[in-house]
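These notes are about the structure you will find just below.
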Amino acid sequence: MLVLITYDVNTETAEGRRRLRKVAKTCQNYGLRVQNSVFECELDSAQLLMLKDKLCRLIDAEKDSLRFYNLGSGGRGKVEHFGAKASFDVNAPLII
């Protein structure tokens with residue numbers, strides 16, 4: 001299923017900047033960055049639960065926020081893109 005993950009991490013302190021880097025790095029392990037704090041991830045249910053747990057452990061719930069938008073298995077068809085940074089389909093054949 002396609003899941004859109006967005007986050008807003010308070011970076012006023014050094015600890016906040018560390019949290020931001022950790023959240024971004026964790027998201028990069030699961031999907032493709034499409035904007036500064038937005039990732040598109042192709043995940044199954046178990047991966048989604050694991051990722052939610054990892055990210056929720058990283059943030060400060062009083063200062064930061066996470067959002068998960070589950071677009072489902074047909075999610076790619078619901079995405080329209082205009083402008084730079086066109087994404088790619090992680091399920092499409094890879095030709096090297």
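Labeling convention for the structure tokens: chains A, B, ... as they appear, residues from 1 per chain, ligands from 1 in order of appearance.
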
Original post:
chain A: which residues are strand (DSSP E or B) by DSSP, as a list of chain:residue names?
Top reply: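 Output for chain A, strand (DSSP E or B) only: A:Leu2, A:Val3, A:Leu4, A:Ile5, A:Thr6, A:Tyr7, A:Asp8, A:Gly31, A:Leu32, A:Arg33, A:Val34, A:Gln35, A:Val38, A:Phe39, A:Glu40, A:Cys41, A:Glu42, A:Ser65, A:Leu66, A:Arg67, A:Phe68, A:Tyr69, A:Asn70, A:Leu71, A:Gly72.
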
Original post:
Between A:Leu32, A:Ala46, A:Cys41, A:Ala61, which one has atoms that come closest to Gly16 in chain A, using only C-alpha atoms?
Top reply: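 Counting only C-alpha atoms, the residue closest to Gly16 in chain A is A:Ala61.
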
Contacts of Asn36 in chain A at 12 Å or less, counting only C-alpha atoms, minus same-chain residues fewer than 5 places along, as a JSON list (two decimals) with N, CA, C and O atoms, in the first residue's frame?
[["chain", "number", "residue", "atom", "x", "y", "z"],
["A", 5, "ILE", "N", 3.88, 9.97, 4.35],
["A", 5, "ILE", "CA", 4.28, 10.33, 5.71],
["A", 5, "ILE", "C", 4.76, 11.76, 5.70],
["A", 5, "ILE", "O", 5.60, 12.14, 4.88],
["A", 6, "THR", "N", 4.20, 12.57, 6.60],
["A", 6, "THR", "CA", 4.64, 13.95, 6.75],
["A", 6, "THR", "C", 5.03, 14.17, 8.20],
["A", 6, "THR", "O", 4.49, 13.52, 9.10],
["A", 7, "TYR", "N", 5.96, 15.07, 8.42],
["A", 7, "TYR", "CA", 6.38, 15.34, 9.79],
["A", 7, "TYR", "C", 6.77, 16.80, 9.94],
["A", 7, "TYR", "O", 7.14, 17.46, 8.98],
["A", 8, "ASP", "N", 6.66, 17.27, 11.16],
["A", 8, "ASP", "CA", 7.08, 18.62, 11.52],
["A", 8, "ASP", "C", 7.80, 18.48, 12.85],
["A", 8, "ASP", "O", 7.18, 18.15, 13.86],
["A", 9, "VAL", "N", 9.11, 18.66, 12.83],
["A", 9, "VAL", "CA", 9.92, 18.51, 14.04],
["A", 9, "VAL", "C", 10.45, 19.88, 14.44],
["A", 9, "VAL", "O", 11.02, 20.60, 13.62],
["A", 20, "LEU", "N", 15.11, 15.64, 14.06],
["A", 20, "LEU", "CA", 14.76, 15.83, 12.66],
["A", 20, "LEU", "C", 15.60, 14.94, 11.75],
["A", 20, "LEU", "O", 15.08, 14.26, 10.87],
["A", 21, "ARG", "N", 16.91, 14.92, 11.99],
["A", 21, "ARG", "CA", 17.79, 14.07, 11.17],
["A", 21, "ARG", "C", 17.44, 12.60, 11.32],
["A", 21, "ARG", "O", 17.42, 11.84, 10.34],
["A", 23, "VAL", "N", 14.50, 11.27, 12.19],
["A", 23, "VAL", "CA", 13.20, 11.00, 11.54],
["A", 23, "VAL", "C", 13.39, 10.92, 10.04],
["A", 23, "VAL", "O", 12.90, 9.98, 9.39],
["A", 24, "ALA", "N", 14.12, 11.85, 9.45],
["A", 24, "ALA", "CA", 14.35, 11.84, 8.00],
["A", 24, "ALA", "C", 15.10, 10.59, 7.58],
["A", 24, "ALA", "O", 14.73, 9.95, 6.59],
["A", 27, "CYS", "N", 12.79, 7.56, 7.67],
["A", 27, "CYS", "CA", 11.86, 7.58, 6.53],
["A", 27, "CYS", "C", 12.57, 7.21, 5.23],
["A", 27, "CYS", "O", 12.00, 6.51, 4.39],
["A", 28, "GLN", "N", 13.80, 7.66, 5.06],
["A", 28, "GLN", "CA", 14.56, 7.34, 3.84],
["A", 28, "GLN", "C", 14.79, 5.84, 3.71],
["A", 28, "GLN", "O", 14.92, 5.34, 2.60],
["A", 85, "LYS", "N", 11.13, 17.23, -9.65],
["A", 85, "LYS", "CA", 11.25, 16.06, -8.79],
["A", 85, "LYS", "C", 10.18, 15.01, -9.05],
["A", 85, "LYS", "O", 9.48, 14.58, -8.14]]

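The residues of range 3-74 of chain A that DSSP assigns to helix (DSSP H, G or I) on this backbone come out as Ala14, Glu15, Gly16, Arg17, Arg18, Arg19, Leu20, Arg21, Lys22, Val23, Ala24, Lys25, Thr26, Cys27, Gln28, Ser45, Ala46, Gln47, Leu48, Leu49, Met50, Leu51, Lys52, Asp53, Lys54, Leu55, Cys56, Arg57 and Leu58 of chain A.
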
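Each of A:Cys56, A:Glu42, A:Gly83, A:Arg17 was compared to Val3 in chain A using only C-alpha atoms, and A:Glu42 turns out to be the nearest.
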
**OP:** For CA of Leu71 in chain A and CA of Gln35 in chain A, quote the distance in Å rounded to one decimal.
**Re:** 17.2 Å

Subject >> Atomic separation - CA of Leu2 in chain A relative to CA of Glu40 in chain A, Å >> reply: 6.8 Å

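Separating CA of Leu43 in chain A from CA of Arg19 in chain A is a distance of 22.8 Å.
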
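Distances from A:Tyr30, A:Gly72, A:Met50, A:Asp64 to Thr11 in chain A were compared using only C-alpha atoms, and the smallest one belongs to A:Asp64.
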